[in-house]
Amino acid sequence: MSEKIEEIYIEQATRLIEGAEVIPNGVMGLAKKLQKSAKTSVPLRVKLGLDPTRPDLHLGHSVVMRKLKQFQDLGHKIVLIVGGATAMVGDPSGKSETRPALSKEEVAQNAKTYFEQMSRVVDIQNAEVVNNADWLHSMSFVDMLKLTSGVTVAQIMTRDDFAKRYKEGLPISVVEFFYPLMQAYDSVEIKADIELGGTDQRFNLLMGRDIQTYYGSDDPQLAMLLPLIEGTDGIVKMSKTYPEHCISINENPKNMYGKLMSIPDELMPRYYQLLTDLKFNSENNPRDEKMRLAYEITKMYNGEEAATAAQNDFVNVVQNKGIPSDLKETRLGAPTPVLDLLVQLGFSASKGEAKRLVAQGAVKFEGEKISDISVMVSQNGVLQAGKRNYAKIVF
RNA sequence: GGGUAGGUGCCCGAGUGGCUAAAGGGAGCAGACUGUAAAUCUGCCGUCUAACGACUACGAUGGUUCGAAUCCGUCCCUGCCCA
């Protein structure tokens, strides 16, 4: 019964699967889907669920988005699901607390900013966009019973983070059990052929398969799992939970470049592989290799000009300890104590912290170190606090 | 419903009447150094004050005490066990 799969689909699948894991049957599973699609002239429906409670996308998401784009380039249909309903449950993975339900307007607004960011990578115009509130909110209690009877508690508990939290005595709300079910039901509703997600989505994506079968599908979706990249500290996954290690897609170019320069050296090969089309070259000086990486990624999201400017600025400010080219001017009406000024400019969170900065020799005016916390700034000049904060003071 | 263990600063986590703005770690910030905002080392790390010091803080609230994160009452929240 197993139908012969032609070489070209295997090749195609091999390219698509690069960096990812497909369940079940890996390359062959994917190749089979591709062949079926080609033979029947029906594009594959490639699903990605979006959580509208966190409209900020970061480079971690771009791994998945780049993969979506590849499917698009092969003529397949990507289906983006805005989690209007799932947003009310909250993502059960790990720490996040139950979030207040978002209004319809908020969901729509967040979805919009989502798409703006995504459009830097994928072709949103040709994507199918739906909101799962459209079918989940109108489900009856009877419908829900039918859905829930498709799985057992033991099955749900095999999910890694549930098992772990249970074992550690951390709370698990019953409502969280619904999250995988809702997400799985989405696959039934949109007739997904493949669902993409991070490796942390393994359980949810496989649940989609089971539920599709439960609802009568004879060719349920494949799960395509993509690696999660580490944040800039190289240890924790890039996630909004750790904003300090996160590089947003709409980060300003200078910050994006700088944050990329702050990743540990060991992380470079992974970033190269997952976030760019370039190849990492271990022969090169690591610093130069990191600069090339930072430049490339900054360029992808901000264009060549901005990337060049960001790079020049980095060389100038960080490497040569110079002054940034595009200083923001701050106009003062009257002489101001440095401490107040530092707070006012947002260079320190409190006056106490500002004092410490001065005491630690981090504050300079026109290149001269300020060592007295009672100094008044009363003339034009450049104020510097630490390595990165500069302001041009004008009266 | 009963029993039992808990709720500490951005996070984790010590602390069981004064020496506690509260150990330690992480994160963050600064300085030095460097091949980078890597690594490493050092310092800082509640708010206000020039400073003395004042205020705020250990789930909530009300007490006891010269004095409470630490003791007592009530309440809220979470885990586990039993029913």
# chains A, B, ... in the order shown; residues from 1 in each chain; ligands from 1
>>> closest_atom_pairs(of="chain B", to="chain A", cutoff="9 Å", atoms="only C-alpha atoms (C1' of nucleotides)", output="Markdown table")
| residue | atom | partner | partner_atom | distance |
| --- | --- | --- | --- | --- |
| B:A27 | C1' | A:Glu244 | CA | 8.7 |
| B:G28 | C1' | A:Glu244 | CA | 9.0 |
| B:C29 | C1' | A:Leu357 | CA | 8.4 |
| B:A30 | C1' | A:Gln360 | CA | 6.0 |
| B:G31 | C1' | A:Gln360 | CA | 6.6 |
| B:G35 | C1' | A:Arg287 | CA | 5.6 |
| B:U36 | C1' | A:Arg287 | CA | 5.7 |
| B:A37 | C1' | A:Ser262 | CA | 5.0 |
| B:A38 | C1' | A:Pro264 | CA | 4.8 |
| B:A39 | C1' | A:Pro264 | CA | 8.2 |
| B:G43 | C1' | A:Gln360 | CA | 8.2 |
| B:C44 | C1' | A:Arg356 | CA | 7.1 |
| B:C45 | C1' | A:Glu353 | CA | 8.5 |
| B:U47 | C1' | A:Ser350 | CA | 8.0 |
| B:C48 | C1' | A:Lys351 | CA | 8.5 |
| B:A50 | C1' | A:Ser374 | CA | 7.2 |
| B:U78 | C1' | A:Pro171 | CA | 6.9 |
| B:G79 | C1' | A:Gly169 | CA | 5.2 |
| B:C80 | C1' | A:Gly169 | CA | 7.6 |
>>> write_last_selection(atoms="N, CA and C atoms (P, O5', C5', C4', C3', O3' and C1' of nucleotides)", output="compact mmCIF listing (two decimals), in the first residue's frame")
# COMPACT_ATOMS: atom_id res chain seq x y z
P A B 27 24.01 35.93 36.01
O5' A B 27 22.77 36.91 35.83
C5' A B 27 21.70 36.55 34.95
C4' A B 27 20.60 37.58 35.07
C3' A B 27 21.04 39.02 34.84
O3' A B 27 21.11 39.33 33.46
C1' A B 27 19.73 38.92 36.79
P G B 28 22.20 40.39 32.98
O5' G B 28 21.74 41.73 33.71
C5' G B 28 20.56 42.41 33.34
C4' G B 28 20.40 43.63 34.20
C3' G B 28 21.58 44.59 34.15
O3' G B 28 21.48 45.45 33.04
C1' G B 28 20.99 44.20 36.39
P C B 29 22.81 45.90 32.31
O5' C B 29 23.41 46.96 33.33
C5' C B 29 22.72 48.17 33.61
C4' C B 29 23.44 48.91 34.70
C3' C B 29 24.92 49.15 34.47
O3' C B 29 25.16 50.23 33.58
C1' C B 29 24.60 48.37 36.65
P A B 30 26.47 50.22 32.71
O5' A B 30 27.59 50.57 33.79
C5' A B 30 27.62 51.85 34.39
C4' A B 30 28.71 51.89 35.43
C3' A B 30 30.10 51.56 34.90
O3' A B 30 30.70 52.69 34.30
C1' A B 30 29.70 50.36 36.89
P G B 31 31.85 52.50 33.26
O5' G B 31 33.06 51.99 34.16
C5' G B 31 33.71 52.89 35.03
C4' G B 31 34.78 52.17 35.80
C3' G B 31 35.82 51.44 34.95
O3' G B 31 36.82 52.31 34.48
C1' G B 31 35.09 50.00 36.66
P G B 35 43.31 42.15 22.46
O5' G B 35 41.87 42.16 21.77
C5' G B 35 41.68 42.91 20.57
C4' G B 35 40.38 42.39 19.99
C3' G B 35 39.22 42.59 20.98
O3' G B 35 38.40 43.57 20.48
C1' G B 35 39.33 40.35 20.16
P U B 36 38.15 44.89 20.45
O5' U B 36 36.57 44.92 20.52
C5' U B 36 35.97 44.69 21.76
C4' U B 36 34.55 44.36 21.46
C3' U B 36 33.77 44.13 22.73
O3' U B 36 33.11 45.34 22.98
C1' U B 36 33.36 42.40 21.15
P A B 37 33.12 46.08 24.30
O5' A B 37 31.61 45.97 24.78
C5' A B 37 31.28 45.68 26.10
C4' A B 37 29.88 45.09 26.09
C3' A B 37 29.78 43.78 25.36
O3' A B 37 29.35 42.80 26.29
C1' A B 37 28.01 45.21 24.82
P A B 38 30.18 42.15 27.40
O5' A B 38 29.97 40.70 26.83
C5' A B 38 30.33 40.35 25.56
C4' A B 38 30.28 38.85 25.46
C3' A B 38 30.89 38.12 26.68
O3' A B 38 29.87 37.62 27.53
C1' A B 38 32.13 37.65 24.76
P A B 39 30.20 37.31 29.08
O5' A B 39 31.57 36.53 29.03
C5' A B 39 31.60 35.11 28.89
C4' A B 39 33.02 34.63 29.10
C3' A B 39 33.61 34.97 30.47
O3' A B 39 33.28 33.96 31.41
C1' A B 39 35.12 35.63 28.79
P G B 43 35.17 43.01 45.61
O5' G B 43 34.33 44.33 45.32
C5' G B 43 34.78 45.59 45.81
C4' G B 43 34.00 46.69 45.16
C3' G B 43 32.50 46.68 45.42
O3' G B 43 32.18 47.22 46.68
C1' G B 43 32.89 47.06 43.13
P C B 44 30.82 46.80 47.39
O5' C B 44 29.70 47.52 46.52
C5' C B 44 29.62 48.94 46.50
C4' C B 44 28.62 49.36 45.46
C3' C B 44 27.19 48.90 45.71
O3' C B 44 26.53 49.77 46.61
C1' C B 44 27.75 48.49 43.46
P C B 45 25.43 49.22 47.57
O5' C B 45 24.32 48.69 46.55
C5' C B 45 23.49 49.61 45.81
C4' C B 45 22.65 48.82 44.85
C3' C B 45 21.74 47.81 45.51
O3' C B 45 20.52 48.44 45.88
C1' C B 45 22.87 46.79 43.70
P U B 47 16.84 52.63 44.84
O5' U B 47 15.78 53.62 45.48
C5' U B 47 14.51 53.82 44.87
C4' U B 47 13.70 54.78 45.69
C3' U B 47 14.42 56.08 46.02
O3' U B 47 14.33 57.01 44.95
C1' U B 47 13.45 55.22 47.98
P C B 48 15.45 58.10 44.78
O5' C B 48 15.23 59.05 46.03
C5' C B 48 14.12 59.92 46.08
C4' C B 48 14.09 60.62 47.41
C3' C B 48 15.34 61.40 47.77
O3' C B 48 15.39 62.66 47.13
C1' C B 48 14.65 60.15 49.64
P A B 50 20.63 66.35 48.55
O5' A B 50 22.07 65.87 49.04
C5' A B 50 23.07 65.56 48.09
C4' A B 50 24.42 65.54 48.77
C3' A B 50 24.47 64.66 50.02
O3' A B 50 24.87 63.34 49.68
C1' A B 50 25.29 66.82 50.53
P U B 78 -5.52 28.86 45.16
O5' U B 78 -4.08 28.22 45.38
C5' U B 78 -3.08 28.37 44.39
C4' U B 78 -1.80 27.74 44.86
C3' U B 78 -1.89 26.27 45.23
O3' U B 78 -1.89 25.43 44.10
C1' U B 78 -0.66 27.41 46.88
P G B 79 -2.55 23.99 44.21
O5' G B 79 -1.39 23.16 44.92
C5' G B 79 -0.19 22.93 44.23
C4' G B 79 0.81 22.29 45.15
C3' G B 79 0.39 20.94 45.71
O3' G B 79 0.58 19.92 44.76
C1' G B 79 1.32 22.24 47.43
P C B 80 -0.51 18.77 44.65
O5' C B 80 -0.13 17.84 45.89
C5' C B 80 1.15 17.23 45.95
C4' C B 80 1.36 16.68 47.34
C3' C B 80 0.26 15.75 47.83
O3' C B 80 0.43 14.44 47.33
C1' C B 80 0.76 17.33 49.51
>>> select_by_dssp(residues="stretch 197-342 of chain A", states="alpha helix (DSSP H)", output="ChimeraX atom specification")
/A:202-214,253-261,268-275,286-302,304-314,338-342
>>> residues_around(residues="stretch 15-17 of chain A", least_positions_apart="6", cutoff="12 Å", atoms="only C-alpha atoms (C1' of nucleotides)", output="compact mmCIF listing (two decimals) with N, CA and C atoms, in the first residue's frame")
# COMPACT_ATOMS: atom_id res chain seq x y z
N ILE A 8 12.15 13.87 -6.44
CA ILE A 8 12.13 15.34 -6.27
C ILE A 8 11.48 15.76 -4.96
N TYR A 9 10.50 14.97 -4.51
CA TYR A 9 9.83 15.34 -3.27
C TYR A 9 10.71 15.05 -2.07
N ILE A 23 7.56 15.03 12.69
CA ILE A 23 6.99 13.82 13.28
C ILE A 23 5.65 13.55 12.60
N ASN A 25 7.85 10.13 10.91
CA ASN A 25 8.54 9.67 9.70
C ASN A 25 9.46 10.68 9.02
N GLY A 26 9.80 11.74 9.70
CA GLY A 26 10.83 12.65 9.21
C GLY A 26 10.70 13.04 7.76
N VAL A 27 11.80 12.93 7.05
CA VAL A 27 11.86 13.37 5.66
C VAL A 27 10.80 12.66 4.81
N MET A 28 10.67 11.36 5.01
CA MET A 28 9.74 10.61 4.18
C MET A 28 8.29 11.02 4.44
N GLY A 29 7.99 11.28 5.70
CA GLY A 29 6.64 11.73 6.03
C GLY A 29 6.33 13.03 5.31
N LEU A 30 7.29 13.91 5.34
CA LEU A 30 7.11 15.21 4.70
C LEU A 30 7.04 15.07 3.19
N ALA A 31 7.92 14.24 2.66
CA ALA A 31 7.96 14.03 1.22
C ALA A 31 6.62 13.50 0.72
N LEU A 34 4.19 16.25 0.48
CA LEU A 34 4.52 17.12 -0.65
C LEU A 34 4.07 16.49 -1.96
N VAL A 64 10.97 30.09 13.05
CA VAL A 64 9.73 29.50 12.52
C VAL A 64 9.27 30.26 11.28
N ARG A 66 10.98 31.93 9.12
CA ARG A 66 11.81 31.64 7.95
C ARG A 66 11.37 30.33 7.31
N LYS A 67 10.98 29.41 8.16
CA LYS A 67 10.52 28.12 7.65
C LYS A 67 9.19 28.29 6.90
N LEU A 68 8.32 29.10 7.45
CA LEU A 68 7.04 29.37 6.78
C LEU A 68 7.28 29.93 5.38
N LYS A 69 8.22 30.83 5.33
CA LYS A 69 8.54 31.46 4.06
C LYS A 69 8.97 30.41 3.04
N GLN A 70 9.75 29.45 3.49
CA GLN A 70 10.19 28.39 2.59
C GLN A 70 9.00 27.64 2.00
N PHE A 71 8.03 27.36 2.83
CA PHE A 71 6.82 26.68 2.34
C PHE A 71 6.09 27.57 1.34
N GLN A 72 6.03 28.83 1.65
CA GLN A 72 5.36 29.76 0.74
C GLN A 72 6.05 29.76 -0.62
N ASP A 73 7.37 29.79 -0.58
CA ASP A 73 8.13 29.83 -1.82
C ASP A 73 7.87 28.61 -2.69
N LEU A 74 7.45 27.52 -2.04
CA LEU A 74 7.14 26.31 -2.80
C LEU A 74 5.67 26.27 -3.21
N LEU A 196 3.63 24.05 12.40
CA LEU A 196 4.97 24.41 12.85
C LEU A 196 4.94 24.88 14.29
N LEU A 222 1.27 16.77 10.05
CA LEU A 222 2.61 16.47 10.54
C LEU A 222 2.99 17.57 11.53
N ALA A 223 3.83 17.21 12.44
CA ALA A 223 4.35 18.22 13.37
C ALA A 223 5.76 18.56 12.94
N MET A 224 6.01 19.82 12.68
CA MET A 224 7.36 20.23 12.35
C MET A 224 7.91 21.08 13.48
N LEU A 225 8.92 20.54 14.14
CA LEU A 225 9.45 21.21 15.33
C LEU A 225 10.76 21.92 15.01
N LEU A 226 10.82 23.15 15.41
CA LEU A 226 12.03 23.93 15.15
C LEU A 226 12.73 24.25 16.45
N PRO A 227 14.05 24.28 16.41
CA PRO A 227 14.79 24.51 17.64
C PRO A 227 14.51 25.88 18.21
>>> closest_residue(among="A:Glu189, A:Asp161, A:Glu106, A:Glu251", to="A:Asn302", atoms="only C-alpha atoms")
A:Glu251
>>> atom_distance(atom1="atom CA of A:Ala127", atom2="atom CA of A:Asp219")
22.5 Å
